[in-house]
>>> print(open('my_file_10.txt').read())   # compact mmCIF, C-alpha atoms
# COMPACT_ATOMS: atom_id res chain seq x y z
CA MET A 692 -71.86 68.61 -81.07
CA VAL A 693 -73.75 70.54 -78.37
CA GLU A 694 -72.07 68.44 -75.68
CA GLN A 695 -68.68 69.23 -77.22
CA GLN A 696 -69.52 72.94 -77.23
CA ALA A 697 -70.49 72.73 -73.56
CA ASP A 698 -67.28 70.91 -72.64
CA ILE A 699 -65.16 73.53 -74.42
CA THR A 700 -67.05 76.33 -72.69
CA ALA A 701 -66.52 74.70 -69.30
CA LEU A 702 -62.78 74.35 -69.88
CA LEU A 703 -62.37 77.93 -71.09
CA LEU A 704 -64.30 79.50 -68.19
CA HIS A 705 -61.11 79.50 -66.14
CA HIS A 706 -59.48 81.80 -68.66
CA VAL A 707 -62.01 84.57 -68.15
CA PHE A 708 -59.92 85.40 -65.07
CA ALA A 709 -56.57 83.69 -65.72
CA PRO A 710 -54.84 84.54 -69.02
CA LEU A 711 -54.96 81.94 -71.75
CA ILE A 712 -51.74 83.24 -73.26
CA GLU A 713 -49.60 86.17 -72.09
CA ASP A 714 -52.12 88.95 -71.27
CA GLN A 715 -54.99 87.57 -73.34
CA HIS A 716 -58.17 86.36 -71.66
CA VAL A 717 -61.22 84.56 -72.97
CA ARG A 718 -63.95 87.14 -73.55
CA GLY A 719 -66.45 84.83 -75.21
CA VAL A 720 -67.15 81.29 -76.42
CA LEU A 721 -69.67 81.23 -79.25
CA PRO A 722 -71.32 78.33 -81.07
CA ALA A 723 -70.76 78.73 -84.79
CA PRO A 724 -74.03 79.49 -86.62
CA HIS A 725 -75.75 77.35 -89.22
CA GLU A 726 -74.96 74.18 -87.23
CA ALA A 727 -71.36 74.30 -88.40
CA ASP A 728 -68.98 71.82 -86.75
CA ALA A 729 -66.95 74.64 -85.23
CA VAL A 730 -66.53 76.82 -82.17
CA ARG A 731 -65.71 80.51 -82.00
CA VAL A 732 -63.55 81.81 -79.16
CA VAL A 733 -63.11 85.52 -78.46
CA LEU A 734 -59.84 86.75 -76.93
CA GLY A 735 -58.84 90.13 -75.58
CA ASP A 736 -57.51 92.02 -72.59
CA LYS A 737 -59.03 91.27 -69.20
CA GLY A 738 -62.21 93.28 -68.75
CA GLU A 739 -62.31 94.37 -72.43
CA TYR A 740 -65.73 94.78 -74.02
CA ALA A 741 -65.14 96.94 -77.12
CA PRO A 742 -65.61 94.75 -80.23
CA ASP A 743 -62.80 96.46 -82.14
CA GLN A 744 -60.39 95.46 -79.35
CA LEU A 745 -61.39 91.80 -79.42
CA THR A 746 -60.42 88.98 -81.79
CA ALA A 747 -62.54 85.96 -82.63
CA TYR A 748 -61.17 82.64 -83.88
CA GLU A 749 -63.34 80.03 -85.53
CA ILE A 750 -61.91 76.55 -85.04
CA PRO A 751 -63.36 73.49 -86.80
CA LEU A 752 -64.16 70.72 -84.36
CA ARG A 753 -64.26 67.71 -86.64
CA VAL A 754 -61.14 65.78 -87.59
CA ASP A 755 -62.16 63.11 -90.08
CA ASP A 756 -64.63 61.01 -88.06
CA GLU A 757 -63.56 62.33 -84.66
CA LEU A 758 -64.01 65.54 -82.70
CA ARG A 759 -61.28 67.77 -81.37
CA THR A 760 -61.11 67.78 -77.60
CA PRO A 761 -61.44 70.96 -75.55
CA HIS A 762 -57.72 70.65 -74.85
CA ASP A 763 -57.03 70.62 -78.61
CA VAL A 764 -58.95 73.88 -78.93
CA VAL A 765 -56.88 75.51 -76.17
CA ALA A 766 -53.65 74.34 -77.79
CA LEU A 767 -54.64 75.79 -81.17
CA LEU A 768 -55.72 79.10 -79.64
CA ARG A 769 -52.41 79.54 -77.88
CA THR A 770 -50.57 79.08 -81.15
CA VAL A 771 -52.70 81.22 -83.46
CA HIS A 772 -52.80 84.17 -81.06
CA THR A 773 -49.02 84.44 -80.77
CA GLY A 774 -46.46 85.36 -83.41
CA THR A 775 -47.30 86.25 -87.00
CA HIS A 776 -49.85 84.21 -88.91
CA ILE A 777 -50.90 84.96 -92.46
CA TYR A 778 -54.52 84.20 -93.30
CA PRO A 779 -55.96 84.01 -96.82
CA ARG A 780 -58.48 86.72 -97.55
CA ASP A 781 -61.38 84.28 -97.38
CA LYS A 782 -60.33 83.29 -93.84
CA VAL A 783 -60.58 86.83 -92.46
CA GLY A 784 -63.94 88.37 -91.70
CA SER A 785 -65.90 90.02 -88.95
CA VAL A 786 -68.66 89.08 -86.55
CA MET A 787 -70.51 91.40 -84.20
CA GLY A 788 -67.91 94.11 -84.82
CA MET A 789 -64.94 91.84 -84.03
CA THR A 790 -62.26 90.73 -86.48
CA MET A 791 -62.62 86.99 -86.97
CA PHE A 792 -60.07 84.51 -88.29
CA THR A 793 -61.03 81.06 -89.49
CA VAL A 794 -58.30 78.71 -88.36
CA ASP A 795 -56.99 75.93 -90.58
CA PRO A 796 -55.58 73.43 -88.04
CA ALA A 797 -53.56 71.72 -90.77
CA THR A 798 -51.34 74.82 -90.95
CA VAL A 799 -50.93 75.24 -87.18
CA ASP A 800 -48.53 73.54 -84.80
CA PRO A 801 -50.56 73.42 -81.55
CA ALA A 802 -48.92 74.62 -78.37
CA PRO A 803 -48.44 71.84 -75.82
CA PHE A 804 -50.93 71.53 -72.98
CA THR A 805 -49.02 72.43 -69.82
CA ASN A 806 -48.82 70.53 -66.54
CA ASP A 807 -50.76 73.36 -64.92
CA ASP A 808 -53.52 72.86 -67.50
CA TRP A 809 -53.70 69.13 -66.80
CA THR A 810 -53.62 69.81 -63.08
CA LEU A 811 -56.56 72.20 -63.31
CA THR A 812 -58.53 69.60 -65.29
CA LEU A 813 -57.76 66.92 -62.72
CA LEU A 814 -58.63 69.12 -59.75
CA ARG A 815 -61.88 70.27 -61.33
CA CYS A 816 -62.97 66.69 -61.93
CA LEU A 817 -62.17 65.67 -58.37
CA ALA A 818 -63.71 68.75 -56.77
CA ALA A 819 -66.90 68.72 -58.87
CA PRO A 820 -69.99 67.89 -56.80
CA PRO A 821 -71.36 64.38 -57.38
CA SER A 822 -74.38 63.97 -59.61
CA THR A 823 -76.28 62.21 -56.81
CA GLU A 824 -76.85 62.95 -53.15
CA GLU A 825 -74.58 60.08 -52.18
CA ARG A 826 -71.24 61.00 -50.67
CA PRO A 827 -68.41 60.46 -53.18
CA GLN A 828 -65.95 57.64 -52.50
CA ALA A 829 -63.16 60.19 -52.10
CA ARG A 830 -63.44 63.94 -51.55
CA LEU A 831 -60.71 66.33 -52.59
CA CYS A 832 -59.66 68.27 -49.47
CA GLY A 833 -56.47 69.87 -50.75
CA PHE A 834 -53.50 69.63 -53.08
CA LEU A 835 -49.83 70.55 -53.30
CA PHE A 836 -47.48 70.97 -56.29
CA LEU A 837 -44.40 68.85 -55.53
CA ALA A 838 -42.63 69.07 -58.89
CA PRO A 839 -43.46 70.03 -62.49
CA ASP A 840 -44.76 66.52 -63.08
CA ARG A 841 -45.88 65.54 -59.58
CA LEU A 842 -49.01 66.64 -57.72
CA ARG A 843 -50.17 65.55 -54.28
CA LEU A 844 -53.92 65.22 -53.74
CA TYR A 845 -55.36 65.12 -50.22
CA LEU A 846 -58.42 62.88 -50.17
CA ASP A 847 -60.93 61.86 -47.53
CA GLY A 848 -63.32 58.94 -47.70
CA GLU A 849 -65.40 56.77 -45.39
CA ALA A 850 -63.37 53.68 -46.29
CA LEU A 851 -59.99 55.39 -45.88
CA PRO A 852 -57.84 55.40 -42.73
CA GLY A 853 -57.80 59.14 -42.15
CA MET A 854 -56.65 61.75 -44.64
CA THR A 855 -54.91 60.06 -47.56
CA ALA A 856 -52.49 61.76 -49.92
CA ALA A 857 -52.18 60.47 -53.46
CA ASP A 858 -49.21 61.47 -55.60
CA VAL A 859 -50.10 61.63 -59.31
CA ARG A 860 -48.69 62.89 -62.58
CA PRO A 861 -51.10 65.54 -63.94
CA GLY A 862 -50.17 64.90 -67.56
CA GLY A 863 -50.90 61.19 -67.44
CA ALA A 864 -53.98 59.24 -68.45
CA LEU A 865 -56.44 61.40 -66.52
CA THR A 866 -59.62 59.60 -67.53
CA ALA A 867 -58.25 56.22 -66.48
CA LEU A 868 -56.78 57.65 -63.27
CA LEU A 869 -60.02 59.33 -62.23
CA ALA A 870 -61.92 56.10 -62.85
CA VAL A 871 -59.72 53.94 -60.61
CA LEU A 872 -58.37 56.38 -58.03
CA PRO A 873 -61.19 56.16 -55.44
CA SER A 874 -61.20 52.35 -55.42
CA MET A 875 -57.41 51.94 -55.30
CA LEU A 876 -56.52 54.39 -52.53
CA ASP A 877 -56.30 51.61 -49.95
CA GLU A 878 -53.83 49.47 -51.91
CA GLN A 879 -50.96 48.68 -49.56
CA ARG A 880 -48.48 48.11 -52.38
CA ARG A 881 -48.79 51.77 -53.36
CA THR A 882 -48.27 53.12 -49.85
CA ILE A 883 -45.07 55.14 -49.44
CA ALA A 884 -43.23 54.49 -46.17
CA GLY A 885 -41.41 57.12 -44.17
CA THR A 886 -43.06 60.27 -45.52
CA ASP A 887 -42.85 63.42 -43.42
CA ASP A 888 -46.10 65.05 -44.52
CA PRO A 889 -48.01 66.12 -41.39
CA HIS A 890 -51.17 66.81 -43.39
CA CYS A 891 -52.10 63.16 -43.99
CA SER A 892 -52.00 59.77 -42.32
CA ARG A 893 -50.55 58.02 -45.37
CA VAL A 894 -49.29 58.65 -48.92
CA VAL A 895 -50.01 56.43 -51.90
CA ASP A 896 -48.10 56.61 -55.17
CA PHE A 897 -49.96 56.74 -58.50
CA THR A 898 -47.19 58.38 -60.49
CA ASP A 899 -46.65 55.21 -62.51
CA TYR A 900 -50.30 54.95 -63.50
>>> encode(input="my_file_10.txt", output="structure tokens")
Amino acid sequence: MVEQQADITALLLHHVFAPLIEDQHVRGVLPAPHEADAVRVVLGDKGEYAPDQLTAYEIPLRVDDELRTPHDVVALLRTVHTGTHIYPRDKVGSVMGMTMFTVDPATVDPAPFTNDDWTLTLLRCLAAPPSTEERPQARLCGFLFLAPDRLRLYLDGEALPGMTAADVRPGGALTALLAVLPSMLDEQRRTIAGTDDPHCSRVVDFTDY
């Protein structure tokens, strides 16, 4: 559960500066006390510190025998913080001077995770420093949004013939893509002929992956 808490915190760090929904920013990510299988996320205006101007949401992390992903938490937060939601009296409380709502995911229709969200996740994974001192197989050197569902990644690697661009779909199977991308960048069958991108020596297509 601690690893899950850490993963959620890492994903939500971006929204300290960029709004999570409309003008609302993440002002805190708190582990629920008493070893509860839940996370508490605090939302408010950018730069807000006053507890009475902040709202906390407690979201259970366990779904039967599985855990909600950090992306699930974001989707629920975007829904519960917009529109009108009626909470039973026992689901409304306070913590550290903030109003706190306990979310029942069964009553919430989560907002979809956007292509920009998936793109940020993908870029973070590719740009993260390797866990060892060895040079990664492919280093992220840049990116370009080509369409709502198409992202171009500029990658450099010792085994690659110059700067290679890889076109991907951000909302696809990210885990699988990240696992195979470095080792498949030299596949000739994926190379796109006749591209006019001056920023790379070749373009490979992973949009069907």
>>> closest_atom_pairs(input="my_file_10.txt", of="stretch 764-806 of chain A", to="stretch 704-720 of chain A", cutoff="10 Å", atoms="all atoms listed in the file", output="Markdown table")
| residue | atom | partner | partner_atom | distance |
| --- | --- | --- | --- | --- |
| A:Val765 | CA | A:Leu711 | CA | 8.0 |
| A:Ala766 | CA | A:Leu711 | CA | 9.8 |
| A:Leu768 | CA | A:Leu711 | CA | 8.4 |
| A:Arg769 | CA | A:Ile712 | CA | 6.0 |
| A:Thr770 | CA | A:Ile712 | CA | 9.0 |
| A:His772 | CA | A:Ile712 | CA | 7.9 |
| A:Thr773 | CA | A:Ile712 | CA | 8.1 |
>>> residues_around(input="my_file_10.txt", residues="A:Met854", least_positions_apart="2", cutoff="7 Å", atoms="all atoms listed in the file", output="PDB file with C-alpha atoms, in the coordinates of the input")
ATOM      1  CA  TYR A 845     -55.360  65.120 -50.220  1.00  0.00           C
ATOM      2  CA  LEU A 846     -58.420  62.880 -50.170  1.00  0.00           C
ATOM      3  CA  ASP A 847     -60.930  61.860 -47.530  1.00  0.00           C
ATOM      4  CA  PRO A 852     -57.840  55.400 -42.730  1.00  0.00           C
ATOM      5  CA  ALA A 856     -52.490  61.760 -49.920  1.00  0.00           C
ATOM      6  CA  CYS A 891     -52.100  63.160 -43.990  1.00  0.00           C
ATOM      7  CA  SER A 892     -52.000  59.770 -42.320  1.00  0.00           C
TER       8      SER A 892
END
>>> closest_atom_pairs(input="my_file_10.txt", of="stretch 767-818 of chain A", to="stretch 741-747 of chain A", cutoff="12 Å", atoms="all atoms listed in the file", output="tab-separated table")
residue	atom	partner	partner_atom	distance
A:Leu768	CA	A:Ala747	CA	10.1
A:Val771	CA	A:Ala747	CA	11.0
A:His772	CA	A:Thr746	CA	9.0
A:Lys782	CA	A:Ala747	CA	11.7
A:Val783	CA	A:Ala747	CA	10.1
A:Gly784	CA	A:Ala747	CA	9.5
A:Ser785	CA	A:Ala747	CA	8.2
A:Val786	CA	A:Ala747	CA	7.9
A:Met787	CA	A:Pro742	CA	7.1
A:Gly788	CA	A:Pro742	CA	5.2
A:Met789	CA	A:Pro742	CA	4.8
A:Thr790	CA	A:Thr746	CA	5.3
A:Met791	CA	A:Ala747	CA	4.5
A:Phe792	CA	A:Ala747	CA	6.3
A:Thr793	CA	A:Ala747	CA	8.6
A:Val794	CA	A:Ala747	CA	10.2
>>> atom_distance(input="my_file_10.txt", atom1="atom CA of A:Val730", atom2="atom CA of A:Leu752")
6.9 Å
>>> closest_residue(input="my_file_10.txt", among="A:Glu694, A:Val895, A:Ile777, A:Val764", to="A:Pro801", atoms="all atoms listed in the file")
A:Val764
>>> closest_residue(input="my_file_10.txt", among="A:Pro861, A:Pro761, A:Gly735, A:Gly833", to="A:Asn806", atoms="all atoms listed in the file")
A:Pro861
>>> residues_near_point(input="my_file_10.txt", point="(-58.2, 52.8, -45.0)", cutoff="10 Å", atoms="all atoms listed in the file", output="VMD selection string")
chain A and resid 847 to 855 876 to 879 892 to 893
>>> atom_distance(input="my_file_10.txt", atom1="atom CA of A:Asp795", atom2="atom CA of A:Pro751")
7.8 Å
>>> atom_distance(input="my_file_10.txt", atom1="atom CA of A:Arg881", atom2="atom CA of A:Arg830")
19.1 Å
>>> closest_residue(input="my_file_10.txt", among="A:Leu734, A:Ala729, A:Leu817, A:Leu837", to="A:Glu749", atoms="all atoms listed in the file")
A:Ala729
>>> closest_residue(input="my_file_10.txt", among="A:Asp807, A:Asp728, A:Glu739, A:Asp698", to="A:Thr760", atoms="all atoms listed in the file")
A:Asp698
>>> closest_residue(input="my_file_10.txt", among="A:His762, A:Ala829, A:Asp899, A:Thr886", to="A:Leu872", atoms="all atoms listed in the file")
A:Ala829
>>> closest_residue(input="my_file_10.txt", among="A:Leu767, A:Leu721, A:Leu835, A:Val871", to="A:Thr700", atoms="only C-alpha atoms")
A:Leu721
>>> residues_around(input="my_file_10.txt", residues="A:Leu842", least_positions_apart="4", cutoff="8 Å", atoms="only C-alpha atoms", output="ChimeraX atom specification")
/A:810,834-838,858-861
